file final_10.cif (mmCIF, C-alpha atoms)
data_upload
#
loop_
_atom_site.group_PDB
_atom_site.id
_atom_site.type_symbol
_atom_site.label_atom_id
_atom_site.label_comp_id
_atom_site.auth_asym_id
_atom_site.auth_seq_id
_atom_site.Cartn_x
_atom_site.Cartn_y
_atom_site.Cartn_z
ATOM 1 C CA MET A 4 -14.399 -29.685 -70.198
ATOM 2 C CA GLU A 5 -11.647 -29.084 -72.738
ATOM 3 C CA LEU A 6 -8.273 -30.609 -73.502
ATOM 4 C CA PRO A 7 -5.676 -29.247 -71.054
ATOM 5 C CA VAL A 8 -3.067 -27.420 -73.137
ATOM 6 C CA ILE A 9 0.014 -25.789 -71.620
ATOM 7 C CA ASN A 10 1.542 -22.575 -72.947
ATOM 8 C CA HIS A 11 3.640 -19.708 -71.645
ATOM 9 C CA PRO A 12 4.635 -16.440 -73.376
ATOM 10 C CA ASP A 13 8.259 -17.186 -72.455
ATOM 11 C CA TYR A 14 8.261 -20.256 -74.723
ATOM 12 C CA VAL A 15 9.366 -17.725 -77.372
ATOM 13 C CA ALA A 16 12.945 -16.884 -76.424
ATOM 14 C CA LYS A 17 15.246 -14.279 -77.924
ATOM 15 C CA ILE A 18 17.843 -15.973 -80.105
ATOM 16 C CA ASN A 19 19.988 -14.684 -82.977
ATOM 17 C CA ASP A 20 17.950 -13.737 -86.070
ATOM 18 C CA ASP A 21 19.864 -16.084 -88.378
ATOM 19 C CA ASN A 22 19.204 -19.139 -86.167
ATOM 20 C CA LYS A 23 17.692 -22.067 -88.092
ATOM 21 C CA PHE A 24 15.387 -22.935 -85.205
ATOM 22 C CA PRO A 25 11.855 -21.461 -85.726
ATOM 23 C CA ILE A 26 11.480 -20.219 -82.150
ATOM 24 C CA LYS A 27 8.442 -18.065 -83.000
ATOM 25 C CA LYS A 28 6.403 -21.199 -83.714
ATOM 26 C CA PHE A 29 5.467 -21.570 -80.037
ATOM 27 C CA GLY A 30 3.668 -18.239 -79.880
ATOM 28 C CA ALA A 31 2.101 -18.686 -83.318
ATOM 29 C CA LEU A 32 0.828 -22.153 -82.411
ATOM 30 C CA ALA A 33 -0.819 -20.804 -79.245
ATOM 31 C CA LYS A 34 -2.632 -18.104 -81.244
ATOM 32 C CA TYR A 35 -3.702 -20.660 -83.859
ATOM 33 C CA LEU A 36 -5.120 -23.079 -81.254
ATOM 34 C CA LEU A 37 -7.154 -20.233 -79.744
ATOM 35 C CA LYS A 38 -8.326 -19.124 -83.187
ATOM 36 C CA ILE A 39 -9.575 -22.564 -84.264
ATOM 37 C CA GLY A 40 -11.207 -23.199 -80.883
ATOM 38 C CA VAL A 41 -9.126 -26.141 -79.710
ATOM 39 C CA VAL A 42 -8.628 -24.272 -76.445
ATOM 40 C CA LYS A 43 -10.225 -21.246 -74.789
ATOM 41 C CA LYS A 44 -7.619 -20.775 -72.072
ATOM 42 C CA PHE A 45 -4.126 -22.200 -71.578
ATOM 43 C CA HIS A 46 -2.717 -23.679 -68.400
ATOM 44 C CA ILE A 47 0.321 -21.571 -67.462
ATOM 45 C CA PRO A 48 3.345 -23.493 -66.164
ATOM 46 C CA LYS A 49 5.865 -22.426 -63.559
ATOM 47 C CA GLU A 50 9.601 -22.835 -63.938
ATOM 48 C CA CYS A 51 10.702 -26.380 -63.250
ATOM 49 C CA SER A 52 12.319 -26.637 -59.832
ATOM 50 C CA PHE A 53 15.967 -27.515 -59.305
ATOM 51 C CA GLU A 54 14.889 -30.571 -57.274
ATOM 52 C CA THR A 55 12.759 -31.907 -60.121
ATOM 53 C CA LEU A 56 15.404 -31.175 -62.755
ATOM 54 C CA LYS A 57 18.204 -32.955 -60.922
ATOM 55 C CA THR A 58 16.447 -36.326 -61.267
ATOM 56 C CA SER A 59 17.471 -36.214 -64.922
ATOM 57 C CA HIS A 60 20.372 -33.728 -65.156
ATOM 58 C CA SER A 61 23.569 -33.158 -63.201
ATOM 59 C CA GLU A 62 23.574 -30.327 -60.678
ATOM 60 C CA GLU A 63 26.675 -28.923 -62.357
ATOM 61 C CA TYR A 64 24.944 -28.708 -65.748
ATOM 62 C CA ILE A 65 21.755 -27.194 -64.316
ATOM 63 C CA ASN A 66 23.817 -24.533 -62.541
ATOM 64 C CA HIS A 67 25.765 -23.744 -65.729
ATOM 65 C CA ILE A 68 22.439 -23.074 -67.482
ATOM 66 C CA LYS A 69 20.925 -21.173 -64.554
ATOM 67 C CA ASN A 70 24.000 -18.984 -64.087
ATOM 68 C CA LYS A 71 24.707 -18.641 -67.839
ATOM 69 C CA THR A 72 28.228 -20.015 -67.354
ATOM 70 C CA LEU A 73 28.070 -22.757 -69.984
ATOM 71 C CA ASP A 74 31.147 -22.659 -72.224
ATOM 72 C CA ILE A 75 30.810 -21.471 -75.826
ATOM 73 C CA ARG A 76 31.533 -24.884 -77.323
ATOM 74 C CA SER A 77 28.681 -26.427 -75.323
ATOM 75 C CA GLN A 78 26.381 -23.555 -76.313
ATOM 76 C CA LYS A 79 27.185 -24.176 -79.977
ATOM 77 C CA ARG A 80 26.370 -27.856 -79.502
ATOM 78 C CA ILE A 81 22.947 -26.821 -78.231
ATOM 79 C CA GLY A 82 22.466 -24.274 -81.014
ATOM 80 C CA PHE A 83 21.146 -21.506 -78.754
ATOM 81 C CA PRO A 84 22.952 -18.701 -76.938
ATOM 82 C CA ILE A 85 22.520 -19.253 -73.193
ATOM 83 C CA ASN A 86 21.074 -15.825 -72.406
ATOM 84 C CA ASP A 87 18.399 -14.738 -69.902
ATOM 85 C CA SER A 88 15.570 -15.442 -72.334
ATOM 86 C CA VAL A 89 16.754 -18.928 -73.318
ATOM 87 C CA VAL A 90 17.381 -19.841 -69.663
ATOM 88 C CA LYS A 91 13.865 -18.736 -68.705
ATOM 89 C CA ARG A 92 12.389 -20.666 -71.604
ATOM 90 C CA SER A 93 14.316 -23.826 -70.730
ATOM 91 C CA PHE A 94 13.018 -23.884 -67.150
ATOM 92 C CA VAL A 95 9.450 -22.899 -68.088
ATOM 93 C CA ALA A 96 9.075 -25.304 -71.050
ATOM 94 C CA THR A 97 10.292 -28.184 -68.866
ATOM 95 C CA GLY A 98 7.820 -27.125 -66.188
ATOM 96 C CA GLY A 99 5.182 -27.176 -68.926
ATOM 97 C CA THR A 100 5.728 -30.851 -69.700
ATOM 98 C CA VAL A 101 5.715 -31.708 -65.984
ATOM 99 C CA LEU A 102 2.395 -29.842 -65.612
ATOM 100 C CA ALA A 103 0.929 -31.510 -68.717
ATOM 101 C CA SER A 104 1.880 -34.950 -67.377
ATOM 102 C CA LYS A 105 0.161 -34.201 -64.036
ATOM 103 C CA LEU A 106 -3.010 -33.005 -65.780
ATOM 104 C CA ALA A 107 -3.061 -36.076 -68.057
ATOM 105 C CA LEU A 108 -3.347 -38.298 -64.969
ATOM 106 C CA ASP A 109 -6.863 -36.916 -64.436
ATOM 107 C CA THR A 110 -8.040 -36.181 -67.967
ATOM 108 C CA LYS A 111 -6.206 -39.028 -69.822
ATOM 109 C CA LEU A 112 -4.897 -36.541 -72.419
ATOM 110 C CA ALA A 113 -2.955 -33.285 -72.052
ATOM 111 C CA CYS A 114 -0.502 -31.447 -74.301
ATOM 112 C CA ASN A 115 2.327 -28.995 -74.014
ATOM 113 C CA THR A 116 2.781 -26.469 -76.844
ATOM 114 C CA ALA A 117 6.530 -26.982 -76.479
ATOM 115 C CA GLY A 118 8.674 -29.894 -75.288
ATOM 116 C CA GLY A 119 10.183 -32.981 -76.789
ATOM 117 C CA SER A 120 13.762 -31.804 -76.199
ATOM 118 C CA HIS A 121 15.046 -35.335 -76.635
ATOM 119 C CA HIS A 122 18.726 -34.694 -77.450
ATOM 120 C CA ALA A 123 19.581 -33.342 -73.981
ATOM 121 C CA THR A 124 21.437 -35.912 -71.870
ATOM 122 C CA PHE A 125 22.304 -36.030 -68.167
ATOM 123 C CA ASP A 126 25.114 -33.488 -68.302
ATOM 124 C CA SER A 127 24.797 -31.707 -71.648
ATOM 125 C CA GLY A 128 22.434 -30.248 -74.213
ATOM 126 C CA ALA A 129 22.473 -30.640 -77.993
ATOM 127 C CA GLY A 130 20.382 -30.144 -81.118
ATOM 128 C CA TYR A 131 18.275 -27.211 -79.838
ATOM 129 C CA CYS A 132 17.611 -29.067 -76.565
ATOM 130 C CA VAL A 133 18.714 -27.611 -73.222
ATOM 131 C CA PHE A 134 16.817 -29.744 -70.679
ATOM 132 C CA ASN A 135 15.165 -33.071 -71.503
ATOM 133 C CA ASP A 136 11.610 -32.185 -70.464
ATOM 134 C CA VAL A 137 10.110 -35.639 -71.099
ATOM 135 C CA ALA A 138 12.817 -37.362 -69.053
ATOM 136 C CA VAL A 139 12.310 -34.848 -66.237
ATOM 137 C CA ALA A 140 8.521 -35.342 -66.279
ATOM 138 C CA ALA A 141 8.848 -39.144 -66.447
ATOM 139 C CA ASN A 142 11.129 -39.174 -63.418
ATOM 140 C CA TYR A 143 8.780 -36.767 -61.640
ATOM 141 C CA LEU A 144 5.818 -39.145 -62.113
ATOM 142 C CA LYS A 145 7.863 -42.114 -60.961
ATOM 143 C CA ASN A 146 9.290 -40.385 -57.886
ATOM 144 C CA LYS A 147 5.852 -39.150 -56.845
ATOM 145 C CA GLY A 148 4.419 -42.652 -57.258
ATOM 146 C CA TYR A 149 1.995 -41.479 -59.975
ATOM 147 C CA ALA A 150 3.267 -44.021 -62.520
ATOM 148 C CA LYS A 151 5.421 -47.138 -62.293
ATOM 149 C CA LYS A 152 5.791 -48.191 -65.934
ATOM 150 C CA ILE A 153 6.242 -45.445 -68.512
ATOM 151 C CA LEU A 154 6.540 -45.585 -72.301
ATOM 152 C CA ILE A 155 8.189 -42.782 -74.273
ATOM 153 C CA ILE A 156 7.057 -43.102 -77.887
ATOM 154 C CA ASP A 157 9.227 -40.791 -79.960
ATOM 155 C CA LEU A 158 8.177 -40.207 -83.581
ATOM 156 C CA ASP A 159 10.388 -37.194 -84.261
ATOM 157 C CA VAL A 160 12.495 -37.741 -87.406
ATOM 158 C CA HIS A 161 15.641 -37.665 -85.235
ATOM 159 C CA GLN A 162 16.515 -40.351 -82.730
ATOM 160 C CA GLY A 163 15.609 -39.589 -79.125
ATOM 161 C CA ASN A 164 19.164 -40.248 -77.969
ATOM 162 C CA GLY A 165 18.838 -38.175 -74.803
ATOM 163 C CA ASN A 166 15.927 -40.285 -73.589
ATOM 164 C CA SER A 167 17.749 -43.538 -74.311
ATOM 165 C CA GLU A 168 20.901 -42.312 -72.545
ATOM 166 C CA ILE A 169 19.085 -41.079 -69.435
ATOM 167 C CA PHE A 170 16.965 -44.235 -69.090
ATOM 168 C CA LYS A 171 19.447 -46.862 -70.327
ATOM 169 C CA ASN A 172 19.620 -48.503 -66.875
ATOM 170 C CA ASP A 173 15.978 -47.921 -65.946
ATOM 171 C CA LYS A 174 13.710 -50.917 -66.543
ATOM 172 C CA ASP A 175 10.604 -48.921 -65.626
ATOM 173 C CA VAL A 176 10.860 -46.480 -68.553
ATOM 174 C CA LEU A 177 10.705 -47.989 -72.054
ATOM 175 C CA THR A 178 12.236 -45.802 -74.771
ATOM 176 C CA PHE A 179 10.879 -46.270 -78.306
ATOM 177 C CA SER A 180 12.318 -44.205 -81.155
ATOM 178 C CA MET A 181 11.180 -44.443 -84.792
ATOM 179 C CA HIS A 182 13.477 -42.199 -86.805
ATOM 180 C CA CYS A 183 15.336 -41.639 -90.055
ATOM 181 C CA ALA A 184 18.486 -43.787 -89.952
ATOM 182 C CA SER A 185 20.677 -41.322 -91.875
ATOM 183 C CA ASN A 186 19.640 -38.253 -89.878
ATOM 184 C CA TYR A 187 21.014 -36.486 -86.791
ATOM 185 C CA PRO A 188 22.575 -37.538 -84.470
ATOM 186 C CA ALA A 189 25.309 -39.152 -86.556
ATOM 187 C CA LYS A 190 26.166 -41.491 -83.705
ATOM 188 C CA LYS A 191 22.988 -43.102 -82.387
ATOM 189 C CA SER A 192 22.555 -44.320 -78.845
ATOM 190 C CA LYS A 193 20.586 -47.478 -77.981
ATOM 191 C CA SER A 194 16.907 -47.104 -77.125
ATOM 192 C CA ASP A 195 14.967 -50.062 -75.770
ATOM 193 C CA ILE A 196 13.398 -50.189 -79.241
ATOM 194 C CA ASP A 197 14.862 -48.385 -82.263
ATOM 195 C CA ILE A 198 13.044 -48.437 -85.611
ATOM 196 C CA GLU A 199 15.336 -47.013 -88.290
ATOM 197 C CA LEU A 200 13.669 -45.694 -91.432
ATOM 198 C CA LYS A 201 15.207 -45.250 -94.854
ATOM 199 C CA ASP A 202 15.325 -41.879 -96.604
ATOM 200 C CA ASN A 203 12.283 -40.701 -98.610
ATOM 201 C CA MET A 204 9.804 -43.072 -96.923
ATOM 202 C CA GLU A 205 6.174 -42.235 -97.770
ATOM 203 C CA ASP A 206 2.860 -42.480 -95.901
ATOM 204 C CA ASN A 207 1.796 -46.081 -96.438
ATOM 205 C CA GLU A 208 5.095 -47.682 -95.522
ATOM 206 C CA TYR A 209 5.540 -45.336 -92.552
ATOM 207 C CA LEU A 210 2.064 -46.002 -91.151
ATOM 208 C CA ASN A 211 2.358 -49.755 -91.709
ATOM 209 C CA ILE A 212 5.597 -49.830 -89.674
ATOM 210 C CA LEU A 213 3.955 -47.701 -86.974
ATOM 211 C CA ASN A 214 0.897 -49.963 -86.739
ATOM 212 C CA LYS A 215 3.071 -53.065 -86.505
ATOM 213 C CA SER A 216 5.230 -51.422 -83.826
ATOM 214 C CA LEU A 217 2.191 -50.417 -81.766
ATOM 215 C CA LYS A 218 0.898 -53.991 -81.827
ATOM 216 C CA GLU A 219 4.205 -55.147 -80.367
ATOM 217 C CA LEU A 220 4.252 -52.336 -77.788
ATOM 218 C CA ASN A 221 0.736 -53.335 -76.723
ATOM 219 C CA ASN A 222 2.127 -56.644 -75.465
ATOM 220 C CA ASN A 223 3.509 -54.716 -72.485
ATOM 221 C CA THR A 224 1.570 -52.814 -69.843
ATOM 222 C CA TYR A 225 2.146 -49.125 -69.087
ATOM 223 C CA ASP A 226 0.777 -46.642 -66.580
ATOM 224 C CA PHE A 227 1.663 -43.588 -68.631
ATOM 225 C CA ILE A 228 2.659 -42.538 -72.166
ATOM 226 C CA PHE A 229 4.774 -39.630 -73.346
ATOM 227 C CA TYR A 230 4.292 -38.957 -77.068
ATOM 228 C CA VAL A 231 6.948 -36.890 -78.873
ATOM 229 C CA ALA A 232 4.978 -35.825 -81.956
ATOM 230 C CA GLY A 233 7.706 -34.272 -84.111
ATOM 231 C CA VAL A 234 6.449 -33.121 -87.514
ATOM 232 C CA ASP A 235 9.898 -33.083 -89.129
ATOM 233 C CA ILE A 236 8.922 -36.311 -90.942
ATOM 234 C CA HIS A 237 7.010 -34.028 -93.368
ATOM 235 C CA HIS A 238 8.052 -34.056 -97.024
ATOM 236 C CA GLU A 239 8.690 -30.278 -96.983
ATOM 237 C CA ASP A 240 10.759 -30.244 -93.801
ATOM 238 C CA ARG A 241 14.207 -28.692 -94.179
ATOM 239 C CA LEU A 242 15.890 -31.254 -91.908
ATOM 240 C CA GLY A 243 13.677 -34.311 -92.330
ATOM 241 C CA LYS A 244 14.672 -36.626 -95.225
ATOM 242 C CA LEU A 245 11.285 -38.434 -95.154
ATOM 243 C CA LYS A 246 8.306 -37.896 -97.486
ATOM 244 C CA VAL A 247 5.271 -38.090 -95.210
ATOM 245 C CA THR A 248 2.306 -35.876 -96.197
ATOM 246 C CA ASP A 249 -0.018 -33.691 -94.107
ATOM 247 C CA GLU A 250 -2.563 -36.521 -94.101
ATOM 248 C CA GLY A 251 0.120 -39.012 -93.087
ATOM 249 C CA ILE A 252 1.066 -36.941 -90.030
ATOM 250 C CA ASN A 253 -2.597 -36.436 -89.113
ATOM 251 C CA LYS A 254 -3.247 -40.173 -89.404
ATOM 252 C CA ARG A 255 -0.111 -40.958 -87.381
ATOM 253 C CA ASP A 256 -1.300 -38.780 -84.502
ATOM 254 C CA GLN A 257 -4.785 -40.300 -84.615
ATOM 255 C CA ILE A 258 -3.387 -43.841 -84.537
ATOM 256 C CA VAL A 259 -1.083 -43.199 -81.570
ATOM 257 C CA ILE A 260 -3.636 -41.269 -79.497
ATOM 258 C CA GLU A 261 -6.478 -43.730 -80.109
ATOM 259 C CA ASN A 262 -4.254 -46.745 -79.417
ATOM 260 C CA PHE A 263 -3.564 -45.632 -75.843
ATOM 261 C CA TYR A 264 -6.786 -43.706 -75.120
ATOM 262 C CA SER A 265 -8.806 -46.831 -75.911
ATOM 263 C CA LYS A 266 -6.785 -48.653 -73.238
ATOM 264 C CA ASN A 267 -7.426 -45.883 -70.694
ATOM 265 C CA ILE A 268 -3.705 -45.066 -70.391
ATOM 266 C CA PRO A 269 -2.897 -41.377 -69.735
ATOM 267 C CA LEU A 270 -0.932 -39.700 -72.535
ATOM 268 C CA CYS A 271 1.057 -36.467 -72.482
ATOM 269 C CA GLY A 272 1.734 -35.049 -75.943
ATOM 270 C CA VAL A 273 4.725 -32.792 -76.612
ATOM 271 C CA LEU A 274 5.683 -30.913 -79.761
ATOM 272 C CA GLY A 275 9.028 -32.312 -80.903
ATOM 273 C CA GLY A 276 10.809 -31.009 -83.985
ATOM 274 C CA GLY A 277 9.526 -29.214 -87.046
ATOM 275 C CA TYR A 278 11.514 -27.129 -89.542
ATOM 276 C CA ASN A 279 9.123 -26.764 -92.440
ATOM 277 C CA LYS A 280 9.959 -24.512 -95.375
ATOM 278 C CA SER A 281 6.573 -22.799 -94.841
ATOM 279 C CA PHE A 282 6.050 -21.314 -91.359
ATOM 280 C CA ASP A 283 2.245 -21.370 -91.713
ATOM 281 C CA LYS A 284 2.346 -25.029 -92.728
ATOM 282 C CA LEU A 285 4.566 -25.798 -89.729
ATOM 283 C CA ILE A 286 1.981 -24.320 -87.339
ATOM 284 C CA GLU A 287 -0.803 -26.295 -89.020
ATOM 285 C CA LEU A 288 1.188 -29.542 -88.732
ATOM 286 C CA HIS A 289 2.040 -28.981 -85.062
ATOM 287 C CA SER A 290 -1.622 -28.238 -84.290
ATOM 288 C CA MET A 291 -2.643 -31.738 -85.418
ATOM 289 C CA LEU A 292 -1.478 -33.228 -82.103
ATOM 290 C CA HIS A 293 -3.741 -30.858 -80.149
ATOM 291 C CA LYS A 294 -6.664 -31.108 -82.577
ATOM 292 C CA ASN A 295 -6.637 -34.894 -82.482
ATOM 293 C CA CYS A 296 -6.434 -34.978 -78.670
ATOM 294 C CA SER A 297 -9.254 -32.425 -78.378
ATOM 295 C CA ARG A 298 -11.645 -34.760 -80.241
ATOM 296 C CA TYR A 299 -12.009 -36.746 -77.012
ATOM 297 C CA PHE A 300 -13.360 -33.768 -75.056
#
call {"tool": "encode", "arguments": {"input": "final_10.cif", "output": "structure tokens"}}
result
Amino acid sequence: MELPVINHPDYVAKINDDNKFPIKKFGALAKYLLKIGVVKKFHIPKECSFETLKTSHSEEYINHIKNKTLDIRSQKRIGFPINDSVVKRSFVATGGTVLASKLALDTKLACNTAGGSHHATFDSGAGYCVFNDVAVAANYLKNKGYAKKILIIDLDVHQGNGNSEIFKNDKDVLTFSMHCASNYPAKKSKSDIDIELKDNMEDNEYLNILNKSLKELNNNTYDFIFYVAGVDIHHEDRLGKLKVTDEGINKRDQIVIENFYSKNIPLCGVLGGGYNKSFDKLIELHSMLHKNCSRYF
């Protein structure tokens, strides 16, 4: 048995060459995970259905994406052109997180090689996020009766404002975001728990805050965990503002995964952000989530 890992060739969409978003990382990560033996074969997701999407997004917004009728201003807010390739990717990557969450119910751990699009809200996208895959998957699990109490633990350097907006009136989904206070989005929303970090924070302080936060989170009971494992906390990230090392990110992932695995709570890991100056380093950092999950198989 091996760690279930989700990937699809269409995770790599066609966007403008000068785009700051490293879209090719999804294909490169898949090749790297095969090369280092974390996975022999990927689970291939289908496009997320309209019915599943509309639990977390307005029908009007979904149709604007599907039909490529989203206005230019809204496209600029997302940061991607809404073309055929990006539309396909948005539906498939969201389907990937839904599939990963279903597989994690049986195996306790499963990962998507995309996902963590946590800036997308009910009726709009932003910050390279079209659909909020974690919100969609969380609502899917709830509506199917697979989970009643869900925790979204978001350790991307940016606040998971889309998650907090979508679930602000939902007592069954706890949103936890530990992020750089001075970073995007400029106007923060209110998660159930927000931990704001100062610029240039290093490993020890970061991990101490994380450990303390996990102890407090453990006072509650959950049926399911979504882990947004953004690596843009790295000291060489172009958008990060924190100073966490390779070892710090590796340790972070180990701490989070072990904390919930030891309690027998299913966890679905998603990629989150990463904008490292070195593309090869970015792939290595993103692979830590999958490597650390695969240790349990």
call {"tool": "residues_near_point", "arguments": {"input": "final_10.cif", "point": "(7.8, -41.1, -61.7)", "cutoff": "12 Å", "atoms": "all atoms listed in the file", "output": "PyMOL selection string"}}
result
chain A and resi 55+58-59+101+104-105+108+137-154+173+175-176+226-228
call {"tool": "resolve_selection", "arguments": {"input": "final_10.cif", "expression": "the PyMOL selection byres ((chain A and resi 288-294) around 8)", "output": "ChimeraX atom specification"}}
result
/A:8,32,35-36,41,114,232-234,249,252-253,256,272,274,277,284-287,295-298
call {"tool": "atom_distance", "arguments": {"input": "final_10.cif", "atom1": "atom CA of Phe170 of chain A", "atom2": "atom CA of Glu50 of chain A"}}
result
23.2 Å
call {"tool": "atom_distance", "arguments": {"input": "final_10.cif", "atom1": "atom CA of Ala103 of chain A", "atom2": "atom CA of His122 of chain A"}}
result
20.1 Å
call {"tool": "axis_aligned_box", "arguments": {"input": "final_10.cif", "around": "segment 125-133 of chain A", "padding_each_side": "3 Å", "output": "JSON"}}
result
{"center_x": 21.4, "center_y": -31.6, "center_z": -74.6, "size_x": 13.5, "size_y": 14.8, "size_z": 19.0}
call {"tool": "residues_around", "arguments": {"input": "final_10.cif", "residues": "segment 218-220 of chain A", "least_positions_apart": "6", "cutoff": "10 Å", "atoms": "all atoms listed in the file", "output": "PyMOL selection string"}}
result
chain A and resi 154+156+177+179+196+262
call {"tool": "write_last_selection", "arguments": {"input": "final_10.cif", "atoms": "C-alpha atoms", "output": "PDB file, keeping the file's coordinate frame"}}
result
ATOM      1  CA  LEU A 154       6.540 -45.585 -72.301  1.00  0.00           C
ATOM      2  CA  ILE A 156       7.057 -43.102 -77.887  1.00  0.00           C
ATOM      3  CA  LEU A 177      10.705 -47.989 -72.054  1.00  0.00           C
ATOM      4  CA  PHE A 179      10.879 -46.270 -78.306  1.00  0.00           C
ATOM      5  CA  ILE A 196      13.398 -50.189 -79.241  1.00  0.00           C
ATOM      6  CA  ASN A 262      -4.254 -46.745 -79.417  1.00  0.00           C
TER       7      ASN A 262
END
call {"tool": "residues_around", "arguments": {"input": "final_10.cif", "residues": "Gly243 of chain A", "least_positions_apart": "3", "cutoff": "12 Å", "atoms": "only C-alpha atoms", "output": "PyMOL selection string"}}
result
chain A and resi 158-162+182-187+200-204+233-240+246-247+276-280
call {"tool": "residues_near_point", "arguments": {"input": "final_10.cif", "point": "(12.0, -19.5, -90.0)", "cutoff": "10 Å", "atoms": "only C-alpha atoms", "output": "PyMOL selection string"}}
result
chain A and resi 20-28+278-282+285
call {"tool": "atom_distance", "arguments": {"input": "final_10.cif", "atom1": "atom CA of His67 of chain A", "atom2": "atom CA of Gly165 of chain A"}}
result
18.4 Å
call {"tool": "closest_residue", "arguments": {"input": "final_10.cif", "among": "A:Lys57, A:Lys49, A:Lys111, A:Lys190", "to": "Phe94 of chain A", "atoms": "all atoms listed in the file"}}
result
A:Lys49
call {"tool": "closest_residue", "arguments": {"input": "final_10.cif", "among": "A:Lys254, A:His46, A:Lys38, A:Lys266", "to": "Leu210 of chain A", "atoms": "only C-alpha atoms"}}
result
A:Lys254
call {"tool": "resolve_selection", "arguments": {"input": "final_10.cif", "expression": "the PyMOL selection byres ((chain A and resi 134) around 10)", "output": "NGL selection string"}}
result
:A and (56 or 59-60 or 64-65 or 68 or 90 or 93-94 or 96-97 or 118-129 or 131-133 or 135-139 or 165)
call {"tool": "closest_residue", "arguments": {"input": "final_10.cif", "among": "A:Ile169, A:Leu245, A:Asp195, A:Ala113", "to": "Leu270 of chain A", "atoms": "only C-alpha atoms"}}
result
A:Ala113
call {"tool": "resolve_selection", "arguments": {"input": "final_10.cif", "expression": "the PyMOL selection byres ((chain A and resi 82) around 8)", "output": "list in words"}}
result
Asn22, Gln78, Lys79, Arg80, Ile81, Phe83, Pro84, Ala129, Gly130 and Tyr131 of chain A
call {"tool": "residues_around", "arguments": {"input": "final_10.cif", "residues": "Lys91 of chain A", "least_positions_apart": "5", "cutoff": "9 Å", "atoms": "all atoms listed in the file", "output": "list of chain:residue names"}}
result
A:Asp13, A:Tyr14, A:Ala16, A:Glu50, A:Lys69, A:Asn86, A:Ala96
call {"tool": "closest_residue", "arguments": {"input": "final_10.cif", "among": "A:Ile85, A:Ser180, A:Gly99, A:Lys34", "to": "Ser216 of chain A", "atoms": "all atoms listed in the file"}}
result
A:Ser180
